[in-house]
>>> print(open('coords.txt').read())   # compact mmCIF, C-alpha atoms
# COMPACT_ATOMS: atom_id res chain seq x y z
CA MET A 1415 133.73 52.16 156.13
CA ALA A 1416 131.73 55.26 156.92
CA LEU A 1417 134.76 56.85 158.53
CA ALA A 1418 136.84 56.36 155.43
CA ARG A 1419 134.10 57.93 153.29
CA ASN A 1420 133.96 61.00 155.52
CA ARG A 1421 137.69 61.42 155.28
CA ARG A 1422 137.59 61.39 151.48
CA ARG A 1423 134.90 64.06 151.56
CA GLU A 1424 137.01 66.24 153.81
CA ARG A 1425 139.97 65.91 151.40
CA THR A 1426 137.80 66.94 148.28
CA VAL A 1427 138.22 70.70 147.56
CA ASP A 1428 135.24 72.71 145.86
CA TYR A 1429 136.83 75.15 143.32
CA TRP A 1430 133.62 76.46 141.70
CA PRO A 1431 132.86 79.39 144.05
CA GLY A 1432 136.38 80.68 143.59
CA PHE A 1433 136.09 80.40 139.82
CA VAL A 1434 132.78 82.29 139.81
CA ASP A 1435 134.26 85.05 141.96
CA ALA A 1436 137.25 85.39 139.63
CA LEU A 1437 135.00 85.50 136.58
CA SER A 1438 132.75 88.17 138.17
CA THR A 1439 135.75 90.25 139.05
CA LEU A 1440 137.01 89.97 135.49
CA LEU A 1441 133.64 91.03 134.05
CA ILE A 1442 133.40 93.98 136.42
CA SER A 1443 136.87 95.06 135.37
CA ILE A 1444 135.95 94.79 131.69
CA MET A 1445 132.74 96.81 132.25
CA PHE A 1446 134.71 99.45 134.12
CA LEU A 1447 137.21 99.71 131.30
CA LEU A 1448 134.41 99.97 128.72
CA THR A 1449 132.75 102.68 130.79
CA VAL A 1450 135.99 104.58 131.06
CA PHE A 1451 136.50 104.23 127.30
CA VAL A 1452 132.98 105.44 126.43
CA VAL A 1453 133.29 108.40 128.82
CA GLY A 1454 136.65 109.24 127.30
CA GLN A 1455 135.22 109.07 123.80
CA PHE A 1456 132.32 111.34 124.79
CA ILE A 1457 134.63 113.90 126.38
CA LEU A 1458 136.96 113.75 123.41
CA SER A 1459 134.06 114.27 120.92
CA ARG A 1460 132.83 117.21 123.00
CA GLU A 1461 136.25 118.77 122.92
CA ILE A 1462 136.53 118.20 119.16
CA THR A 1463 133.05 119.68 118.59
CA GLY A 1464 133.92 122.65 120.78
CA ARG A 1465 137.12 123.19 118.85
CA ASP A 1466 135.18 123.08 115.53
CA GLU A 1467 132.66 125.59 116.81
CA ALA A 1468 135.42 127.83 118.10
CA LEU A 1469 137.19 127.51 114.77
CA ASN A 1470 133.98 128.41 112.88
CA ARG A 1471 133.44 131.44 115.10
CA LEU A 1472 137.04 132.46 114.54
CA ASN A 1473 136.60 132.15 110.77
CA SER A 1474 133.38 134.19 110.96
CA GLN A 1475 135.14 136.90 112.95
CA ILE A 1476 138.00 136.89 110.44
CA ASN A 1477 135.48 137.36 107.57
CA GLU A 1478 133.75 140.19 109.41
CA LEU A 1479 137.07 141.88 110.09
CA THR A 1480 138.02 141.46 106.42
CA GLN A 1481 134.78 143.09 105.34
CA LEU A 1482 135.22 145.91 107.86
CA LEU A 1483 138.75 146.42 106.60
CA ALA A 1484 137.50 146.60 102.99
CA LEU A 1485 134.83 149.10 104.01
CA GLU A 1486 137.42 151.11 105.91
CA LYS A 1487 139.64 151.15 102.82
CA GLY A 1488 136.68 152.30 100.70
CA SER A 1489 135.85 155.03 103.23
CA ASN A 1490 139.45 156.14 103.29
CA GLN A 1491 139.47 156.32 99.49
CA ASP A 1492 136.25 158.34 99.54
CA LEU A 1493 137.77 160.68 102.12
CA LEU A 1494 140.89 161.04 100.01
CA ASP A 1495 138.74 161.83 96.94
CA SER A 1496 136.76 164.37 98.95
CA VAL A 1497 139.95 165.99 100.19
CA ALA A 1498 141.27 166.14 96.63
CA ASN A 1499 138.01 167.73 95.42
CA LEU A 1500 138.12 170.24 98.29
CA GLN A 1501 141.72 171.11 97.46
CA ALA A 1502 140.78 171.62 93.81
CA SER A 1503 137.84 173.81 94.82
CA LEU A 1504 140.11 175.77 97.15
CA ALA A 1505 142.61 176.29 94.36
CA SER A 1506 139.87 177.44 92.00
CA ALA A 1507 138.54 179.83 94.67
CA GLU A 1508 142.01 181.21 95.24
CA GLY A 1509 142.36 181.72 91.47
CA ASP A 1510 139.02 183.56 91.36
CA ARG A 1511 140.10 185.69 94.31
CA SER A 1512 143.34 186.51 92.55
CA ARG A 1513 141.46 187.53 89.39
CA LEU A 1514 139.04 189.65 91.43
CA GLN A 1515 141.91 191.29 93.21
CA ALA A 1516 143.52 191.99 89.82
CA LEU A 1517 140.29 193.54 88.60
CA LEU A 1518 139.99 195.63 91.74
CA SER A 1519 143.57 196.69 91.31
CA ALA A 1520 142.89 197.67 87.72
CA GLY A 1521 140.40 200.26 89.00
CA SER A 1522 137.23 201.46 87.35
CA GLY A 1523 138.04 199.82 84.03
CA GLY A 1524 137.87 196.42 85.72
CA GLN A 1525 134.59 197.32 87.39
CA ASP A 1526 133.11 198.28 84.05
CA ALA A 1527 134.23 194.98 82.52
CA ALA A 1528 132.73 193.13 85.47
CA GLN A 1529 129.48 195.05 85.14
CA LYS A 1530 129.37 194.26 81.40
CA ARG A 1531 130.00 190.64 82.13
CA ILE A 1532 127.28 190.62 84.74
CA GLY A 1533 124.91 192.34 82.28
CA SER A 1534 125.73 189.84 79.56
CA MET A 1535 125.13 186.93 81.91
CA THR A 1536 121.87 188.48 83.10
CA GLN A 1537 120.71 188.83 79.49
CA GLU A 1538 121.61 185.22 78.76
CA LEU A 1539 119.65 184.15 81.83
CA ASP A 1540 116.64 186.16 80.66
CA GLU A 1541 116.86 184.59 77.22
CA GLN A 1542 117.04 181.12 78.75
CA LYS A 1543 114.03 181.94 80.89
CA GLN A 1544 112.11 183.02 77.79
CA VAL A 1545 113.08 179.84 75.97
CA SER A 1546 112.01 177.82 79.00
CA GLU A 1547 108.69 179.65 79.14
CA ARG A 1548 108.09 178.99 75.42
CA ALA A 1549 108.99 175.34 75.91
CA LEU A 1550 106.57 175.12 78.83
CA SER A 1551 103.87 176.72 76.71
CA GLN A 1552 104.49 174.21 73.92
CA VAL A 1553 104.39 171.36 76.42
CA GLU A 1554 101.10 172.66 77.80
CA LEU A 1555 99.71 172.93 74.25
CA LEU A 1556 100.82 169.38 73.49
CA ASN A 1557 99.19 168.16 76.69
CA GLN A 1558 95.95 169.83 75.66
CA GLN A 1559 96.15 168.26 72.19
CA ILE A 1560 96.86 164.84 73.70
CA SER A 1561 93.88 165.26 76.01
CA ALA A 1562 91.69 166.18 73.04
CA LEU A 1563 92.93 163.16 71.10
CA ARG A 1564 92.21 160.90 74.05
CA SER A 1565 88.68 162.30 74.19
CA GLN A 1566 88.25 161.65 70.47
CA ILE A 1567 89.61 158.11 70.83
CA ALA A 1568 87.23 157.48 73.72
CA ALA A 1569 84.32 158.77 71.61
CA VAL A 1570 85.36 156.54 68.68
CA GLU A 1571 85.66 153.53 70.98
CA ALA A 1572 82.23 154.28 72.44
CA ALA A 1573 80.77 154.57 68.92
CA LEU A 1574 82.49 151.33 67.90
CA GLN A 1575 81.15 149.56 70.96
CA ALA A 1576 77.66 150.87 70.20
CA SER A 1577 78.03 149.69 66.59
CA GLU A 1578 79.17 146.25 67.76
CA ASP A 1579 76.22 146.05 70.15
CA LYS A 1580 73.89 147.09 67.35
CA ASP A 1581 75.49 144.53 65.04
CA ARG A 1582 74.98 141.79 67.62
CA VAL A 1583 71.33 142.78 67.95
CA SER A 1584 71.01 142.82 64.15
CA GLN A 1585 72.65 139.40 63.88
CA THR A 1586 70.22 138.07 66.47
CA LYS A 1587 67.29 139.54 64.54
CA ILE A 1588 68.67 138.14 61.27
CA ALA A 1589 69.03 134.70 62.82
CA ASP A 1590 65.48 134.94 64.14
CA LEU A 1591 64.18 136.10 60.76
CA GLY A 1592 66.13 133.32 59.07
CA SER A 1593 64.53 130.77 61.37
CA ARG A 1594 61.11 132.23 60.67
CA LEU A 1595 61.82 132.26 56.95
CA ASN A 1596 62.92 128.65 57.03
CA VAL A 1597 59.76 127.73 58.87
CA ALA A 1598 57.66 129.69 56.37
CA LEU A 1599 59.48 128.15 53.42
CA ALA A 1600 59.06 124.69 54.89
CA ALA A 1601 55.35 125.39 55.31
CA ARG A 1602 55.13 126.68 51.74
CA VAL A 1603 56.97 123.63 50.44
CA GLN A 1604 54.68 121.34 52.38
CA GLU A 1605 51.67 123.18 51.05
CA LEU A 1606 52.99 123.02 47.48
CA ASN A 1607 53.74 119.33 47.95
CA ARG A 1608 50.12 118.84 48.95
CA TYR A 1609 48.89 120.50 45.76
CA ARG A 1610 51.49 118.58 43.77
CA SER A 1611 50.14 115.37 45.24
CA ASP A 1612 46.60 116.44 44.34
CA PHE A 1613 47.75 117.30 40.81
CA PHE A 1614 49.52 114.00 40.34
CA GLY A 1615 46.61 112.16 41.84
CA ARG A 1616 44.18 113.72 39.36
CA LEU A 1617 46.57 113.06 36.48
CA ARG A 1618 46.81 109.46 37.59
CA GLU A 1619 43.00 109.18 37.53
CA ILE A 1620 42.69 110.96 34.19
CA LEU A 1621 45.51 109.30 32.32
CA SER A 1622 45.01 105.89 33.94
CA ASP A 1623 47.89 103.47 34.41
CA ARG A 1624 49.46 103.52 30.98
CA GLU A 1625 52.84 101.87 30.70
CA ASN A 1626 54.45 104.78 28.90
CA ILE A 1627 53.13 107.43 31.34
CA ARG A 1628 54.40 107.14 34.90
CA ILE A 1629 55.33 109.09 38.04
CA VAL A 1630 59.03 109.19 39.00
CA GLY A 1631 59.59 110.94 42.31
CA ASP A 1632 58.09 114.42 42.08
CA ARG A 1633 57.82 114.33 38.26
CA PHE A 1634 55.20 113.09 35.80
CA VAL A 1635 57.02 111.34 32.91
CA PHE A 1636 55.68 110.87 29.35
CA GLN A 1637 57.60 108.75 26.89
CA SER A 1638 58.32 110.72 23.73
CA GLU A 1639 56.65 108.09 21.51
CA VAL A 1640 53.31 108.92 23.16
CA LEU A 1641 53.56 112.61 22.24
CA PHE A 1642 55.82 113.02 19.21
CA PRO A 1643 56.77 111.25 16.02
CA SER A 1644 60.33 109.98 15.71
CA GLY A 1645 62.72 112.90 15.27
CA GLY A 1646 59.90 115.45 15.38
CA ALA A 1647 58.70 118.06 17.89
CA ASP A 1648 55.05 118.50 16.86
CA LEU A 1649 52.50 116.87 19.15
CA ASN A 1650 50.71 113.98 17.46
CA PRO A 1651 46.95 113.51 17.97
CA GLU A 1652 47.46 111.08 20.84
CA GLY A 1653 49.88 113.48 22.51
CA GLN A 1654 47.45 116.37 22.14
CA THR A 1655 44.75 114.29 23.81
CA GLU A 1656 47.00 113.46 26.76
CA MET A 1657 48.20 117.07 27.12
CA ALA A 1658 44.61 118.33 27.04
CA LYS A 1659 43.80 116.06 29.96
CA LEU A 1660 46.86 117.33 31.78
CA ALA A 1661 45.90 120.97 31.16
CA ALA A 1662 42.40 120.38 32.55
CA ALA A 1663 43.80 118.77 35.70
CA LEU A 1664 46.32 121.58 36.12
CA LEU A 1665 43.66 124.29 35.77
CA ASP A 1666 41.48 122.57 38.39
CA VAL A 1667 44.35 122.37 40.87
CA ALA A 1668 45.46 125.94 40.12
CA LYS A 1669 42.11 127.24 41.38
CA GLU A 1670 42.89 125.81 44.83
CA ILE A 1671 46.51 127.00 45.10
CA PRO A 1672 46.71 130.23 47.15
CA PRO A 1673 47.96 133.27 45.20
CA GLU A 1674 50.93 133.75 47.55
CA ILE A 1675 52.42 130.46 46.33
CA ASN A 1676 54.39 131.37 43.20
CA TRP A 1677 54.17 128.02 41.41
CA VAL A 1678 55.17 126.96 37.89
CA LEU A 1679 54.89 123.79 35.83
CA ARG A 1680 58.32 122.97 34.44
CA VAL A 1681 58.41 120.99 31.19
CA ASP A 1682 61.76 119.25 30.59
CA GLY A 1683 62.64 117.66 27.24
CA HIS A 1684 65.09 114.71 27.06
CA THR A 1685 66.41 112.59 24.18
CA ASP A 1686 68.48 109.44 23.84
CA ASN A 1687 72.18 109.46 22.95
CA VAL A 1688 71.78 108.68 19.26
CA PRO A 1689 73.14 111.73 17.40
CA LEU A 1690 71.05 113.40 14.74
CA GLY A 1691 72.27 113.47 11.16
CA GLY A 1692 72.29 117.27 11.05
CA THR A 1693 70.43 117.30 7.72
CA GLY A 1694 66.94 117.46 9.15
CA ARG A 1695 65.00 120.20 10.91
CA TYR A 1696 67.07 119.94 14.10
CA ARG A 1697 70.84 119.86 14.07
CA ASP A 1698 71.35 118.02 17.40
CA ASN A 1699 69.58 116.61 20.41
CA TRP A 1700 69.77 119.95 22.25
CA GLU A 1701 67.52 121.57 19.68
CA LEU A 1702 65.20 118.54 19.53
CA SER A 1703 64.70 118.32 23.32
CA SER A 1704 64.17 122.07 23.63
CA ALA A 1705 61.72 122.13 20.72
CA ARG A 1706 59.65 119.31 22.22
CA ALA A 1707 59.47 121.07 25.61
CA ILE A 1708 58.44 124.34 23.95
CA SER A 1709 55.80 122.50 21.86
CA VAL A 1710 54.20 121.12 25.05
CA VAL A 1711 54.29 124.56 26.73
CA LYS A 1712 52.62 126.25 23.74
CA PHE A 1713 49.89 123.59 23.64
CA LEU A 1714 49.17 124.06 27.36
CA ILE A 1715 48.97 127.82 26.85
CA ALA A 1716 46.48 127.20 24.09
CA GLN A 1717 44.44 125.15 26.57
CA GLY A 1718 44.22 128.12 28.95
CA VAL A 1719 47.19 127.57 31.27
CA PRO A 1720 48.78 130.99 32.06
CA ALA A 1721 52.10 131.45 30.27
CA ASP A 1722 53.77 132.82 33.43
CA ARG A 1723 53.08 129.48 35.12
CA LEU A 1724 55.03 127.45 32.53
CA VAL A 1725 58.75 126.88 31.98
CA ALA A 1726 60.38 124.94 29.10
CA ALA A 1727 63.87 123.43 29.28
CA GLY A 1728 65.85 121.12 27.02
CA PHE A 1729 68.51 118.72 28.34
CA GLY A 1730 69.42 116.74 25.23
CA GLU A 1731 70.84 113.30 25.99
CA PHE A 1732 72.80 114.45 29.07
CA GLN A 1733 70.34 113.54 31.85
CA PRO A 1734 69.59 109.84 31.25
CA ILE A 1735 67.59 107.80 33.75
CA ALA A 1736 68.33 104.39 32.23
CA PRO A 1737 71.97 103.36 31.72
CA GLY A 1738 73.11 101.32 28.75
CA GLU A 1739 72.89 101.32 24.97
CA THR A 1740 69.96 98.94 24.54
CA PRO A 1741 66.82 99.94 22.65
CA ASP A 1742 64.79 99.75 25.87
CA ALA A 1743 67.22 102.05 27.73
CA ARG A 1744 67.19 104.58 24.90
CA ALA A 1745 63.40 104.47 24.73
CA THR A 1746 63.22 105.14 28.47
CA ASN A 1747 65.56 108.15 28.18
CA ARG A 1748 63.44 109.72 25.38
CA ARG A 1749 60.90 111.51 27.54
CA ILE A 1750 59.04 114.66 28.62
CA GLU A 1751 59.04 115.36 32.35
CA LEU A 1752 56.49 117.60 34.11
CA LYS A 1753 57.27 118.99 37.55
CA LEU A 1754 55.05 121.28 39.65
CA THR A 1755 57.47 123.47 41.60
CA GLU A 1756 58.00 126.98 42.95
CA LYS A 1757 59.73 129.78 41.11
>>> encode(input="coords.txt", output="structure tokens")
Amino acid sequence: MALARNRRRERTVDYWPGFVDALSTLLISIMFLLTVFVVGQFILSREITGRDEALNRLNSQINELTQLLALEKGSNQDLLDSVANLQASLASAEGDRSRLQALLSAGSGGQDAAQKRIGSMTQELDEQKQVSERALSQVELLNQQISALRSQIAAVEAALQASEDKDRVSQTKIADLGSRLNVALAARVQELNRYRSDFFGRLREILSDRENIRIVGDRFVFQSEVLFPSGGADLNPEGQTEMAKLAAALLDVAKEIPPEINWVLRVDGHTDNVPLGGTGRYRDNWELSSARAISVVKFLIAQGVPADRLVAAGFGEFQPIAPGETPDARATNRRIELKLTEK
């Protein structure tokens, strides 16, 4: 049994090593062929690159030769032109020589003509020199005038610059003076406001809190019915009493106001919008409002208030303080306003 098994093993052939060897040989052959192909490609690309470089160099040399040829043609043309000019000059010189020889042959007469010609040319040259000298003199004179003008322009520019500097200084001073003036005016206004407050305060104490006498802003307002009859401009007894109180208060306050404050009491007359008939003493509300303001001013003057401290103005119905057409609104708009202000 064992013998038979050994015999079967001896008859079994192992093909694998031979297959591996064949496969290795095939792979080595393929690698060799690939290597040969790559090397061939490299050599071929080198040859192609070398040919391109050689071709580029050849083209460059051809361009250089073309340029040299063009330059050579240009030089040849220049030489030909020079030769032609020299030939023309030679011909002209030969012609001059022939003319001189003819003059010499003509004898003394030719010499005299030549001398005259030379004299004429010399005179022309002298005249040209004189003209040139005069031209140079004129140019020199113009240069001097230009220099003088430049000096004058420089002086004007310097004066202008000085004027601009002075103007800037003046503007600065004006701005400073303006600031000071504004401060002074503000101080004066504040001071006048203080006396106005004192004046209104005394009027408030003197006239008490009557319904038809009130303070509106910086003005003391009297209703016209307190001072005047309807349609009239003469102060009634009650109005005279109230204005006398006002004059006394104004005179007391005026004693305390410094003389440098140029104050005035402005009296403004106002009416309602009911037109006048035109048949009475006053034709329209302008005349009525102005007459009432003037009546108050004259009464205050009579009470001792200086006339230069009083101003009268009439506004008619055109400065209402109460809108509407009701009797109350019209009564409110009929008024005398007193304002202590600065001229």
>>> residues_around(input="coords.txt", residues="Gln1733 in chain A", least_positions_apart="6", cutoff="9 Å", atoms="all atoms listed in the file", output="PyMOL selection string")
chain A and resi 1684-1685+1747
>>> atom_distance(input="coords.txt", atom1="CA of Glu1731 in chain A", atom2="CA of Asn1699 in chain A")
6.6 Å
>>> closest_residue(input="coords.txt", among="A:Asn1650, A:Ile1750, A:Ala1726, A:Leu1447", to="Ile1627 in chain A", atoms="all atoms listed in the file")
A:Ile1750
>>> axis_aligned_box(input="coords.txt", around="range 1561-1565 of chain A", padding_each_side="3 Å", output="lines of an AutoDock Vina configuration file")
center_x = 91.3
center_y = 163.5
center_z = 73.6
size_x = 11.2
size_y = 11.3
size_z = 10.9
>>> closest_residue(input="coords.txt", among="A:Ala1658, A:Leu1448, A:Val1553, A:Leu1754", to="Val1678 in chain A", atoms="all atoms listed in the file")
A:Leu1754
>>> atom_distance(input="coords.txt", atom1="CA of Phe1713 in chain A", atom2="CA of Asp1648 in chain A")
9.9 Å
>>> closest_atom_pairs(input="coords.txt", of="range 1632-1707 of chain A", to="range 1716-1725 of chain A", cutoff="9 Å", atoms="all atoms listed in the file", output="JSON lines")
{"residue": "A:Met1657", "atom": "CA", "partner": "A:Gln1717", "partner_atom": "CA", "distance": 8.9}
{"residue": "A:Ala1658", "atom": "CA", "partner": "A:Gln1717", "partner_atom": "CA", "distance": 6.8}
{"residue": "A:Ala1661", "atom": "CA", "partner": "A:Gln1717", "partner_atom": "CA", "distance": 6.4}
{"residue": "A:Ala1662", "atom": "CA", "partner": "A:Gln1717", "partner_atom": "CA", "distance": 7.9}
{"residue": "A:Leu1664", "atom": "CA", "partner": "A:Val1719", "partner_atom": "CA", "distance": 7.8}
{"residue": "A:Leu1665", "atom": "CA", "partner": "A:Val1719", "partner_atom": "CA", "distance": 6.6}
{"residue": "A:Asn1676", "atom": "CA", "partner": "A:Arg1723", "partner_atom": "CA", "distance": 8.4}
{"residue": "A:Trp1677", "atom": "CA", "partner": "A:Arg1723", "partner_atom": "CA", "distance": 6.5}
{"residue": "A:Val1678", "atom": "CA", "partner": "A:Arg1723", "partner_atom": "CA", "distance": 4.3}
{"residue": "A:Leu1679", "atom": "CA", "partner": "A:Leu1724", "partner_atom": "CA", "distance": 4.9}
{"residue": "A:Arg1680", "atom": "CA", "partner": "A:Val1725", "partner_atom": "CA", "distance": 4.6}
{"residue": "A:Val1681", "atom": "CA", "partner": "A:Val1725", "partner_atom": "CA", "distance": 6.0}
{"residue": "A:Asp1682", "atom": "CA", "partner": "A:Val1725", "partner_atom": "CA", "distance": 8.3}
{"residue": "A:Ala1707", "atom": "CA", "partner": "A:Val1725", "partner_atom": "CA", "distance": 8.7}
>>> build_atoms(input="coords.txt", residues="range 1555-1579 of chain A", atoms="N, CA and C atoms", output="PDB file, keeping the file's coordinate frame")
ATOM      1  N   LEU A1555     100.530 173.096  75.451  1.00  0.00           N
ATOM      2  CA  LEU A1555      99.710 172.930  74.250  1.00  0.00           C
ATOM      3  C   LEU A1555      99.654 171.474  73.810  1.00  0.00           C
ATOM      4  N   LEU A1556     100.795 170.807  73.854  1.00  0.00           N
ATOM      5  CA  LEU A1556     100.820 169.380  73.490  1.00  0.00           C
ATOM      6  C   LEU A1556      99.964 168.555  74.442  1.00  0.00           C
ATOM      7  N   ASN A1557     100.027 168.887  75.723  1.00  0.00           N
ATOM      8  CA  ASN A1557      99.190 168.160  76.690  1.00  0.00           C
ATOM      9  C   ASN A1557      97.708 168.343  76.379  1.00  0.00           C
ATOM     10  N   GLN A1558      97.340 169.589  76.014  1.00  0.00           N
ATOM     11  CA  GLN A1558      95.950 169.830  75.660  1.00  0.00           C
ATOM     12  C   GLN A1558      95.554 169.041  74.409  1.00  0.00           C
ATOM     13  N   GLN A1559      96.449 169.015  73.401  1.00  0.00           N
ATOM     14  CA  GLN A1559      96.150 168.260  72.190  1.00  0.00           C
ATOM     15  C   GLN A1559      96.034 166.764  72.480  1.00  0.00           C
ATOM     16  N   ILE A1560      96.930 166.262  73.334  1.00  0.00           N
ATOM     17  CA  ILE A1560      96.860 164.840  73.700  1.00  0.00           C
ATOM     18  C   ILE A1560      95.554 164.541  74.422  1.00  0.00           C
ATOM     19  N   SER A1561      95.142 165.454  75.305  1.00  0.00           N
ATOM     20  CA  SER A1561      93.880 165.260  76.010  1.00  0.00           C
ATOM     21  C   SER A1561      92.703 165.234  75.042  1.00  0.00           C
ATOM     22  N   ALA A1562      92.753 166.167  74.041  1.00  0.00           N
ATOM     23  CA  ALA A1562      91.690 166.180  73.040  1.00  0.00           C
ATOM     24  C   ALA A1562      91.673 164.892  72.222  1.00  0.00           C
ATOM     25  N   LEU A1563      92.864 164.423  71.849  1.00  0.00           N
ATOM     26  CA  LEU A1563      92.930 163.160  71.100  1.00  0.00           C
ATOM     27  C   LEU A1563      92.403 161.996  71.913  1.00  0.00           C
ATOM     28  N   ARG A1564      92.732 161.981  73.196  1.00  0.00           N
ATOM     29  CA  ARG A1564      92.210 160.900  74.050  1.00  0.00           C
ATOM     30  C   ARG A1564      90.685 160.960  74.104  1.00  0.00           C
ATOM     31  N   SER A1565      90.142 162.168  74.177  1.00  0.00           N
ATOM     32  CA  SER A1565      88.680 162.300  74.190  1.00  0.00           C
ATOM     33  C   SER A1565      88.088 161.785  72.882  1.00  0.00           C
ATOM     34  N   GLN A1566      88.739 162.141  71.759  1.00  0.00           N
ATOM     35  CA  GLN A1566      88.250 161.650  70.470  1.00  0.00           C
ATOM     36  C   GLN A1566      88.335 160.136  70.374  1.00  0.00           C
ATOM     37  N   ILE A1567      89.459 159.582  70.859  1.00  0.00           N
ATOM     38  CA  ILE A1567      89.610 158.110  70.830  1.00  0.00           C
ATOM     39  C   ILE A1567      88.543 157.463  71.689  1.00  0.00           C
ATOM     40  N   ALA A1568      88.274 158.036  72.856  1.00  0.00           N
ATOM     41  CA  ALA A1568      87.230 157.480  73.720  1.00  0.00           C
ATOM     42  C   ALA A1568      85.869 157.536  73.034  1.00  0.00           C
ATOM     43  N   ALA A1569      85.596 158.657  72.322  1.00  0.00           N
ATOM     44  CA  ALA A1569      84.320 158.770  71.610  1.00  0.00           C
ATOM     45  C   ALA A1569      84.226 157.734  70.493  1.00  0.00           C
ATOM     46  N   VAL A1570      85.356 157.547  69.748  1.00  0.00           N
ATOM     47  CA  VAL A1570      85.360 156.540  68.680  1.00  0.00           C
ATOM     48  C   VAL A1570      85.156 155.142  69.241  1.00  0.00           C
ATOM     49  N   GLU A1571      85.831 154.849  70.358  1.00  0.00           N
ATOM     50  CA  GLU A1571      85.660 153.530  70.980  1.00  0.00           C
ATOM     51  C   GLU A1571      84.222 153.330  71.437  1.00  0.00           C
ATOM     52  N   ALA A1572      83.629 154.396  72.005  1.00  0.00           N
ATOM     53  CA  ALA A1572      82.230 154.280  72.440  1.00  0.00           C
ATOM     54  C   ALA A1572      81.321 154.032  71.235  1.00  0.00           C
ATOM     55  N   ALA A1573      81.575 154.780  70.131  1.00  0.00           N
ATOM     56  CA  ALA A1573      80.770 154.570  68.920  1.00  0.00           C
ATOM     57  C   ALA A1573      80.966 153.170  68.369  1.00  0.00           C
ATOM     58  N   LEU A1574      82.212 152.683  68.378  1.00  0.00           N
ATOM     59  CA  LEU A1574      82.490 151.330  67.900  1.00  0.00           C
ATOM     60  C   LEU A1574      81.788 150.290  68.761  1.00  0.00           C
ATOM     61  N   GLN A1575      81.827 150.492  70.067  1.00  0.00           N
ATOM     62  CA  GLN A1575      81.150 149.560  70.960  1.00  0.00           C
ATOM     63  C   GLN A1575      79.645 149.556  70.698  1.00  0.00           C
ATOM     64  N   ALA A1576      79.087 150.787  70.504  1.00  0.00           N
ATOM     65  CA  ALA A1576      77.660 150.870  70.200  1.00  0.00           C
ATOM     66  C   ALA A1576      77.343 150.168  68.883  1.00  0.00           C
ATOM     67  N   SER A1577      78.248 150.353  67.879  1.00  0.00           N
ATOM     68  CA  SER A1577      78.030 149.690  66.590  1.00  0.00           C
ATOM     69  C   SER A1577      78.103 148.176  66.731  1.00  0.00           C
ATOM     70  N   GLU A1578      79.068 147.696  67.545  1.00  0.00           N
ATOM     71  CA  GLU A1578      79.170 146.250  67.760  1.00  0.00           C
ATOM     72  C   GLU A1578      77.931 145.718  68.467  1.00  0.00           C
ATOM     73  N   ASP A1579      77.440 146.475  69.463  1.00  0.00           N
ATOM     74  CA  ASP A1579      76.220 146.050  70.150  1.00  0.00           C
ATOM     75  C   ASP A1579      75.042 146.010  69.172  1.00  0.00           C
TER      76      ASP A1579
END
